[in-house]
$ cat start_17.cif   # mmCIF, N, CA and C atoms and all ligand atoms
data_target
loop_
_atom_site.label_atom_id
_atom_site.label_comp_id
_atom_site.auth_asym_id
_atom_site.auth_seq_id
_atom_site.Cartn_x
_atom_site.Cartn_y
_atom_site.Cartn_z
N MET A 71 -19.32 29.76 36.46
CA MET A 71 -18.34 28.73 36.82
C MET A 71 -18.67 27.40 36.16
N LYS A 72 -19.97 27.10 36.16
CA LYS A 72 -20.39 25.84 35.54
C LYS A 72 -20.12 25.86 34.03
N ASN A 73 -20.32 27.04 33.44
CA ASN A 73 -20.06 27.17 32.01
C ASN A 73 -18.59 26.97 31.68
N LEU A 74 -17.74 27.49 32.55
CA LEU A 74 -16.29 27.34 32.33
C LEU A 74 -15.91 25.86 32.40
N PHE A 75 -16.51 25.18 33.35
CA PHE A 75 -16.23 23.75 33.50
C PHE A 75 -16.66 22.99 32.24
N THR A 76 -17.86 23.33 31.77
CA THR A 76 -18.38 22.68 30.55
C THR A 76 -17.46 22.96 29.37
N LEU A 77 -17.00 24.19 29.29
CA LEU A 77 -16.11 24.57 28.20
C LEU A 77 -14.82 23.75 28.25
N CYS A 78 -14.28 23.60 29.44
CA CYS A 78 -13.04 22.83 29.59
C CYS A 78 -13.24 21.38 29.15
N ILE A 79 -14.33 20.80 29.58
CA ILE A 79 -14.65 19.42 29.19
C ILE A 79 -14.75 19.32 27.67
N TRP A 80 -15.43 20.29 27.09
CA TRP A 80 -15.65 20.28 25.65
C TRP A 80 -14.31 20.40 24.91
N LEU A 81 -13.46 21.30 25.39
CA LEU A 81 -12.15 21.47 24.76
C LEU A 81 -11.31 20.20 24.86
N PHE A 82 -11.38 19.59 26.03
CA PHE A 82 -10.60 18.37 26.24
C PHE A 82 -11.09 17.26 25.31
N ALA A 83 -12.40 17.12 25.23
CA ALA A 83 -12.98 16.09 24.36
C ALA A 83 -12.61 16.34 22.90
N SER A 84 -12.65 17.61 22.48
CA SER A 84 -12.30 17.95 21.11
C SER A 84 -10.84 17.60 20.82
N LEU A 85 -9.99 17.89 21.79
CA LEU A 85 -8.56 17.61 21.63
C LEU A 85 -8.33 16.12 21.46
N VAL A 86 -9.02 15.33 22.28
CA VAL A 86 -8.86 13.88 22.21
C VAL A 86 -9.33 13.37 20.84
N LEU A 87 -10.49 13.86 20.39
CA LEU A 87 -11.02 13.44 19.09
C LEU A 87 -10.08 13.85 17.97
N PHE A 88 -9.59 15.07 18.03
CA PHE A 88 -8.71 15.61 17.00
C PHE A 88 -7.43 14.78 16.91
N CYS A 89 -6.81 14.54 18.05
CA CYS A 89 -5.56 13.78 18.07
C CYS A 89 -5.81 12.35 17.61
N GLY A 90 -6.93 11.80 18.06
CA GLY A 90 -7.26 10.43 17.67
C GLY A 90 -7.37 10.29 16.16
N ALA A 91 -8.02 11.27 15.53
CA ALA A 91 -8.22 11.21 14.09
C ALA A 91 -6.89 11.29 13.35
N HIS A 92 -5.95 12.01 13.94
CA HIS A 92 -4.68 12.23 13.24
C HIS A 92 -3.63 11.17 13.53
N THR A 93 -3.90 10.34 14.51
CA THR A 93 -2.94 9.28 14.78
C THR A 93 -3.51 7.92 14.38
N ALA A 94 -4.65 7.95 13.65
CA ALA A 94 -5.23 6.69 13.17
C ALA A 94 -4.15 5.90 12.46
N ALA A 95 -3.97 4.67 12.88
CA ALA A 95 -2.85 3.87 12.39
C ALA A 95 -2.93 3.66 10.88
N ALA A 96 -1.83 3.90 10.20
CA ALA A 96 -1.75 3.59 8.78
C ALA A 96 -1.71 2.08 8.63
N GLU A 97 -2.33 1.60 7.57
CA GLU A 97 -2.41 0.15 7.35
C GLU A 97 -1.26 -0.31 6.45
N VAL A 98 -0.94 -1.58 6.60
CA VAL A 98 -0.01 -2.22 5.67
C VAL A 98 -0.77 -3.34 4.96
N TYR A 99 -0.83 -3.25 3.65
CA TYR A 99 -1.54 -4.25 2.84
C TYR A 99 -0.53 -5.14 2.12
N THR A 100 -0.87 -6.41 2.00
CA THR A 100 0.03 -7.34 1.33
C THR A 100 -0.51 -7.73 -0.03
N VAL A 101 0.36 -7.67 -1.02
CA VAL A 101 0.04 -8.16 -2.37
C VAL A 101 0.99 -9.31 -2.67
N LYS A 102 0.41 -10.46 -3.02
CA LYS A 102 1.23 -11.61 -3.38
C LYS A 102 1.73 -11.45 -4.81
N MET A 103 2.97 -11.78 -5.02
CA MET A 103 3.50 -11.79 -6.39
C MET A 103 3.52 -13.25 -6.86
N GLY A 104 2.59 -13.52 -7.77
CA GLY A 104 2.37 -14.90 -8.22
C GLY A 104 1.21 -15.49 -7.44
N GLY A 105 0.21 -15.96 -8.17
CA GLY A 105 -0.94 -16.59 -7.52
C GLY A 105 -0.54 -17.90 -6.88
N ASP A 106 -1.36 -18.36 -5.94
CA ASP A 106 -1.07 -19.62 -5.25
C ASP A 106 -1.00 -20.80 -6.24
N ASN A 107 -1.68 -20.65 -7.38
CA ASN A 107 -1.66 -21.71 -8.39
C ASN A 107 -0.54 -21.51 -9.41
N GLY A 108 0.37 -20.56 -9.13
CA GLY A 108 1.48 -20.31 -10.03
C GLY A 108 1.18 -19.33 -11.14
N GLN A 109 -0.02 -18.75 -11.10
CA GLN A 109 -0.43 -17.76 -12.10
C GLN A 109 0.49 -16.54 -12.04
N LEU A 110 0.81 -16.00 -13.22
CA LEU A 110 1.66 -14.81 -13.28
C LEU A 110 0.78 -13.58 -13.06
N ALA A 111 0.61 -13.23 -11.80
CA ALA A 111 -0.30 -12.14 -11.46
C ALA A 111 0.04 -11.59 -10.08
N TYR A 112 -0.39 -10.36 -9.85
CA TYR A 112 -0.39 -9.80 -8.50
C TYR A 112 -1.74 -10.13 -7.88
N VAL A 113 -1.73 -10.55 -6.64
CA VAL A 113 -2.98 -10.91 -5.95
C VAL A 113 -3.07 -10.12 -4.65
N PRO A 114 -4.04 -9.20 -4.48
CA PRO A 114 -5.05 -8.83 -5.48
C PRO A 114 -4.48 -7.95 -6.58
N LYS A 115 -5.14 -7.98 -7.73
CA LYS A 115 -4.68 -7.23 -8.89
C LYS A 115 -4.92 -5.73 -8.69
N VAL A 116 -6.07 -5.39 -8.10
CA VAL A 116 -6.40 -3.99 -7.81
C VAL A 116 -6.60 -3.87 -6.30
N LEU A 117 -5.97 -2.86 -5.72
CA LEU A 117 -6.04 -2.68 -4.28
C LEU A 117 -6.33 -1.21 -3.98
N THR A 118 -7.31 -0.98 -3.13
CA THR A 118 -7.66 0.39 -2.74
C THR A 118 -7.19 0.64 -1.31
N ILE A 119 -6.44 1.71 -1.14
CA ILE A 119 -5.88 2.06 0.17
C ILE A 119 -6.12 3.54 0.44
N LYS A 120 -5.64 4.00 1.58
CA LYS A 120 -5.76 5.43 1.92
C LYS A 120 -4.36 6.05 1.95
N VAL A 121 -4.34 7.37 1.80
CA VAL A 121 -3.08 8.11 1.86
C VAL A 121 -2.37 7.76 3.17
N GLY A 122 -1.10 7.46 3.06
CA GLY A 122 -0.30 7.11 4.24
C GLY A 122 -0.17 5.61 4.46
N ASP A 123 -1.01 4.83 3.76
CA ASP A 123 -0.91 3.37 3.88
C ASP A 123 0.28 2.84 3.08
N THR A 124 0.66 1.63 3.44
CA THR A 124 1.81 0.99 2.81
C THR A 124 1.37 -0.30 2.12
N VAL A 125 1.95 -0.54 0.96
CA VAL A 125 1.72 -1.82 0.26
C VAL A 125 3.01 -2.62 0.33
N LYS A 126 2.85 -3.87 0.74
CA LYS A 126 3.99 -4.78 0.82
C LYS A 126 3.79 -5.88 -0.21
N TRP A 127 4.75 -6.03 -1.12
CA TRP A 127 4.68 -7.09 -2.12
C TRP A 127 5.56 -8.24 -1.66
N VAL A 128 4.98 -9.43 -1.66
CA VAL A 128 5.71 -10.60 -1.17
C VAL A 128 5.81 -11.65 -2.27
N ASN A 129 7.00 -12.15 -2.48
CA ASN A 129 7.22 -13.21 -3.45
C ASN A 129 6.45 -14.46 -3.05
N ASN A 130 5.62 -14.94 -3.94
CA ASN A 130 4.81 -16.11 -3.61
C ASN A 130 5.15 -17.29 -4.51
N ARG A 131 4.84 -17.16 -5.81
CA ARG A 131 5.09 -18.25 -6.74
C ARG A 131 5.63 -17.67 -8.05
N ALA A 132 6.30 -18.56 -8.82
CA ALA A 132 6.70 -18.25 -10.19
C ALA A 132 7.61 -17.03 -10.31
N PHE A 133 8.41 -16.77 -9.26
CA PHE A 133 9.32 -15.63 -9.35
C PHE A 133 10.51 -15.98 -10.27
N PRO A 134 11.34 -15.04 -10.67
CA PRO A 134 11.49 -13.70 -10.11
C PRO A 134 10.41 -12.71 -10.56
N HIS A 135 10.13 -11.78 -9.66
CA HIS A 135 9.21 -10.69 -9.95
C HIS A 135 9.84 -9.36 -9.51
N ASN A 136 9.25 -8.30 -10.01
CA ASN A 136 9.58 -6.98 -9.48
C ASN A 136 8.33 -6.11 -9.55
N VAL A 137 8.49 -4.85 -9.16
CA VAL A 137 7.36 -3.92 -9.09
C VAL A 137 7.81 -2.62 -9.73
N VAL A 138 7.24 -2.30 -10.89
CA VAL A 138 7.67 -1.10 -11.61
C VAL A 138 6.48 -0.18 -11.89
N PHE A 139 6.56 1.02 -11.32
CA PHE A 139 5.60 2.08 -11.64
C PHE A 139 6.29 2.95 -12.68
N GLU A 140 5.79 2.90 -13.91
CA GLU A 140 6.47 3.58 -15.00
C GLU A 140 6.61 5.08 -14.72
N GLY A 141 7.83 5.58 -14.85
CA GLY A 141 8.08 7.00 -14.64
C GLY A 141 8.08 7.42 -13.19
N GLN A 142 7.97 6.45 -12.26
CA GLN A 142 7.96 6.78 -10.84
C GLN A 142 8.93 5.88 -10.07
N PRO A 143 10.22 6.12 -10.30
CA PRO A 143 11.24 5.27 -9.67
C PRO A 143 11.17 5.28 -8.14
N GLU A 144 10.66 6.39 -7.57
CA GLU A 144 10.60 6.47 -6.11
C GLU A 144 9.60 5.49 -5.52
N LEU A 145 8.65 5.04 -6.34
CA LEU A 145 7.66 4.07 -5.87
C LEU A 145 8.06 2.64 -6.24
N SER A 146 8.98 2.51 -7.19
CA SER A 146 9.28 1.22 -7.81
C SER A 146 10.34 0.42 -7.08
N HIS A 147 10.31 -0.88 -7.37
CA HIS A 147 11.34 -1.80 -6.87
C HIS A 147 11.77 -2.64 -8.07
N LYS A 148 12.71 -2.10 -8.83
CA LYS A 148 13.06 -2.70 -10.12
C LYS A 148 13.89 -3.96 -9.99
N LYS A 149 14.61 -4.07 -8.91
CA LYS A 149 15.48 -5.23 -8.75
C LYS A 149 14.64 -6.50 -8.65
N LEU A 150 15.00 -7.49 -9.45
CA LEU A 150 14.23 -8.74 -9.45
C LEU A 150 14.39 -9.47 -8.13
N MET A 151 13.27 -9.92 -7.60
CA MET A 151 13.30 -10.69 -6.35
C MET A 151 13.34 -12.18 -6.67
N GLN A 152 14.36 -12.82 -6.20
CA GLN A 152 14.64 -14.22 -6.56
C GLN A 152 14.28 -15.20 -5.46
N LYS A 153 14.14 -14.70 -4.24
CA LYS A 153 13.99 -15.62 -3.11
C LYS A 153 12.53 -15.76 -2.66
N PRO A 154 12.19 -16.96 -2.14
CA PRO A 154 10.83 -17.14 -1.62
C PRO A 154 10.56 -16.15 -0.48
N GLN A 155 9.38 -15.60 -0.47
CA GLN A 155 8.92 -14.70 0.59
C GLN A 155 9.70 -13.38 0.66
N GLN A 156 10.57 -13.15 -0.33
CA GLN A 156 11.27 -11.85 -0.37
C GLN A 156 10.22 -10.76 -0.53
N GLU A 157 10.45 -9.61 0.10
CA GLU A 157 9.41 -8.58 0.06
C GLU A 157 9.98 -7.18 -0.07
N VAL A 158 9.16 -6.31 -0.63
CA VAL A 158 9.49 -4.89 -0.74
C VAL A 158 8.23 -4.13 -0.38
N GLU A 159 8.38 -2.86 -0.01
CA GLU A 159 7.18 -2.09 0.29
C GLU A 159 7.31 -0.64 -0.13
N THR A 160 6.15 -0.04 -0.37
CA THR A 160 6.06 1.37 -0.75
C THR A 160 4.94 2.01 0.05
N THR A 161 5.20 3.19 0.59
CA THR A 161 4.17 3.97 1.27
C THR A 161 3.68 5.05 0.31
N PHE A 162 2.37 5.14 0.18
CA PHE A 162 1.78 6.08 -0.77
C PHE A 162 1.30 7.33 -0.03
N THR A 163 1.80 8.48 -0.45
CA THR A 163 1.51 9.73 0.26
C THR A 163 0.65 10.70 -0.56
N GLU A 164 0.34 10.31 -1.80
CA GLU A 164 -0.50 11.17 -2.64
C GLU A 164 -1.67 10.36 -3.18
N PRO A 165 -2.89 10.93 -3.15
CA PRO A 165 -4.01 10.20 -3.74
C PRO A 165 -3.83 10.05 -5.24
N GLY A 166 -4.42 9.01 -5.78
CA GLY A 166 -4.34 8.79 -7.23
C GLY A 166 -4.44 7.32 -7.55
N GLU A 167 -4.34 7.04 -8.85
CA GLU A 167 -4.35 5.65 -9.31
C GLU A 167 -2.98 5.34 -9.88
N TYR A 168 -2.40 4.29 -9.38
CA TYR A 168 -1.03 3.94 -9.76
C TYR A 168 -1.02 2.54 -10.36
N THR A 169 -0.70 2.47 -11.65
CA THR A 169 -0.59 1.15 -12.28
C THR A 169 0.88 0.74 -12.30
N TYR A 170 1.09 -0.54 -12.20
CA TYR A 170 2.46 -1.06 -12.17
C TYR A 170 2.52 -2.41 -12.85
N TYR A 171 3.73 -2.87 -13.08
CA TYR A 171 3.90 -4.16 -13.76
C TYR A 171 5.17 -4.84 -13.28
N CYS A 172 5.25 -6.11 -13.66
CA CYS A 172 6.43 -6.91 -13.39
C CYS A 172 7.20 -7.02 -14.71
N THR A 173 8.46 -6.62 -14.71
CA THR A 173 9.21 -6.56 -15.97
C THR A 173 9.22 -7.88 -16.74
N PRO A 174 9.59 -9.00 -16.12
CA PRO A 174 9.64 -10.24 -16.92
C PRO A 174 8.28 -10.78 -17.32
N HIS A 175 7.22 -10.40 -16.62
CA HIS A 175 5.91 -11.02 -16.86
C HIS A 175 4.83 -10.05 -17.31
N ARG A 176 5.26 -8.86 -17.70
CA ARG A 176 4.28 -7.86 -18.14
C ARG A 176 3.49 -8.39 -19.33
N GLY A 177 4.22 -9.03 -20.26
CA GLY A 177 3.58 -9.55 -21.47
C GLY A 177 2.57 -10.65 -21.15
N ALA A 178 2.77 -11.32 -20.02
CA ALA A 178 1.85 -12.39 -19.61
C ALA A 178 0.69 -11.84 -18.79
N GLY A 179 0.68 -10.52 -18.63
CA GLY A 179 -0.45 -9.90 -17.94
C GLY A 179 -0.22 -9.62 -16.47
N MET A 180 1.04 -9.67 -16.05
CA MET A 180 1.30 -9.40 -14.63
C MET A 180 1.39 -7.90 -14.42
N VAL A 181 0.22 -7.31 -14.27
CA VAL A 181 0.08 -5.88 -14.00
C VAL A 181 -0.88 -5.71 -12.83
N GLY A 182 -0.74 -4.58 -12.15
CA GLY A 182 -1.60 -4.33 -11.00
C GLY A 182 -1.89 -2.84 -10.87
N LYS A 183 -2.79 -2.54 -9.96
CA LYS A 183 -3.15 -1.13 -9.74
C LYS A 183 -3.37 -0.89 -8.25
N ILE A 184 -2.82 0.23 -7.80
CA ILE A 184 -3.08 0.69 -6.43
C ILE A 184 -3.89 1.98 -6.53
N ILE A 185 -5.04 1.98 -5.89
CA ILE A 185 -5.88 3.18 -5.86
C ILE A 185 -5.72 3.80 -4.47
N VAL A 186 -5.20 5.02 -4.43
CA VAL A 186 -4.96 5.69 -3.16
C VAL A 186 -6.01 6.78 -2.98
N GLN A 187 -6.81 6.65 -1.93
CA GLN A 187 -7.91 7.60 -1.70
C GLN A 187 -7.54 8.63 -0.64
CU CU B 201 6.54 -11.43 -12.34
#
$ encode --input "start_17.cif" --output "structure tokens"
Amino acid sequence: MKNLFTLCIWLFASLVLFCGAHTAAAEVYTVKMGGDNGQLAYVPKVLTIKVGDTVKWVNNRAFPHNVVFEGQPELSHKKLMQKPQQEVETTFTEPGEYTYYCTPHRGAGMVGKIIVQ
């Protein structure tokens, strides 16, 4: 009887741990478009996240900007953002390294990378 009780406790604890691990909240990370000093850059330039996390790009300075992952329209936001604090977001569901750029400022070095682990 005592063993059965122990088993039940163990099963319950395992269930709680298992569910907890699978409902761990996905994070939302913010990338500024345009440095605070007006620099044509994504800040941070390289961002490491986990599968299921979301990246939110927010218009900061020197816009218009956009977010283009070459060959991956489902991740991209090609429409130029003209308004202050305008934002777009993408949720990443596959691990990998994703480089992206801003169409008008690519030549000026406005490129970024999302590393999804
Ligand atoms: Cu730009």
$ residues_around --input "start_17.cif" --residues "region 134-144 of chain A" --least-positions-apart "6" --cutoff "6 Å" --atoms "only C-alpha atoms" --output "PDB file with N, CA and C atoms, keeping the file's coordinate frame"
ATOM      1  N   LEU A 150      15.000  -7.490  -9.450  1.00  0.00           N
ATOM      2  CA  LEU A 150      14.230  -8.740  -9.450  1.00  0.00           C
ATOM      3  C   LEU A 150      14.390  -9.470  -8.130  1.00  0.00           C
ATOM      4  N   MET A 151      13.270  -9.920  -7.600  1.00  0.00           N
ATOM      5  CA  MET A 151      13.300 -10.690  -6.350  1.00  0.00           C
ATOM      6  C   MET A 151      13.340 -12.180  -6.670  1.00  0.00           C
ATOM      7  N   GLN A 152      14.360 -12.820  -6.200  1.00  0.00           N
ATOM      8  CA  GLN A 152      14.640 -14.220  -6.560  1.00  0.00           C
ATOM      9  C   GLN A 152      14.280 -15.200  -5.460  1.00  0.00           C
ATOM     10  N   TYR A 170       1.090  -0.540 -12.200  1.00  0.00           N
ATOM     11  CA  TYR A 170       2.460  -1.060 -12.170  1.00  0.00           C
ATOM     12  C   TYR A 170       2.520  -2.410 -12.850  1.00  0.00           C
ATOM     13  N   TYR A 171       3.730  -2.870 -13.080  1.00  0.00           N
ATOM     14  CA  TYR A 171       3.900  -4.160 -13.760  1.00  0.00           C
ATOM     15  C   TYR A 171       5.170  -4.840 -13.280  1.00  0.00           C
ATOM     16  N   CYS A 172       5.250  -6.110 -13.660  1.00  0.00           N
ATOM     17  CA  CYS A 172       6.430  -6.910 -13.390  1.00  0.00           C
ATOM     18  C   CYS A 172       7.200  -7.020 -14.710  1.00  0.00           C
TER      19      CYS A 172
END
$ residues_near_point --input "start_17.cif" --point "(0.7, -8.8, -13.8)" --cutoff "5 Å" --atoms "all atoms listed in the file" --output "PyMOL selection string"
chain A and resi 110-112+179-182
$ atom_distance --input "start_17.cif" --atom1 "CA of Val113 (chain A)" --atom2 "CA of Val128 (chain A)"
9.9 Å
$ select_by_dssp --input "start_17.cif" --residues "region 73-185 of chain A" --states "strand (DSSP E or B)" --output "PyMOL selection string"
chain A and resi 98-103+112-113+116-119+124-129+135-138+147-151+157-161+166-171+181-185
$ closest_residue --input "start_17.cif" --among "A:Val186, A:Leu145, A:Ala96, A:Val158" --to "Trp127 (chain A)" --atoms "only C-alpha atoms"
A:Val158
$ closest_residue --input "start_17.cif" --among "A:Ala132, A:Ile184, A:Gln155, A:Thr163" --to "ligand CU 201 (chain B)" --atoms "only N, CA and C atoms and all ligand atoms"
A:Ala132
$ atom_distance --input "start_17.cif" --atom1 "CA of Thr161 (chain A)" --atom2 "CA of Leu117 (chain A)"
13.4 Å
$ closest_residue --input "start_17.cif" --among "A:Gly122, A:Tyr168, A:Lys115, A:Met103" --to "ligand CU 201 (chain B)" --atoms "only N, CA and C atoms and all ligand atoms"
A:Met103
$ closest_residue --input "start_17.cif" --among "A:Phe133, A:Glu157, A:His147, A:Gln109" --to "ligand CU 201 (chain B)" --atoms "only C-alpha atoms and all ligand atoms"
A:Phe133
$ residues_around --input "start_17.cif" --residues "Val125 (chain A)" --least-positions-apart "3" --cutoff "6 Å" --atoms "all atoms listed in the file" --output "NGL selection string"
:A and (98-101 or 158-162)
$ atom_distance --input "start_17.cif" --atom1 "CA of Ile119 (chain A)" --atom2 "CA of Lys102 (chain A)"
15.8 Å
$ closest_residue --input "start_17.cif" --among "A:Pro114, A:Pro174, A:Pro154, A:Pro165" --to "ligand CU 201 (chain B)" --atoms "only C-alpha atoms and all ligand atoms"
A:Pro174
$ closest_residue --input "start_17.cif" --among "A:Thr173, A:Thr118, A:Asn107, A:Asn130" --to "ligand CU 201 (chain B)" --atoms "only C-alpha atoms and all ligand atoms"
A:Thr173
$ axis_aligned_box --input "start_17.cif" --around "region 107-114 of chain A" --padding-each-side "6 Å" --output "JSON"
{"center_x": -1.7, "center_y": -14.8, "center_z": -8.9, "size_x": 18.7, "size_y": 25.8, "size_z": 20.8}
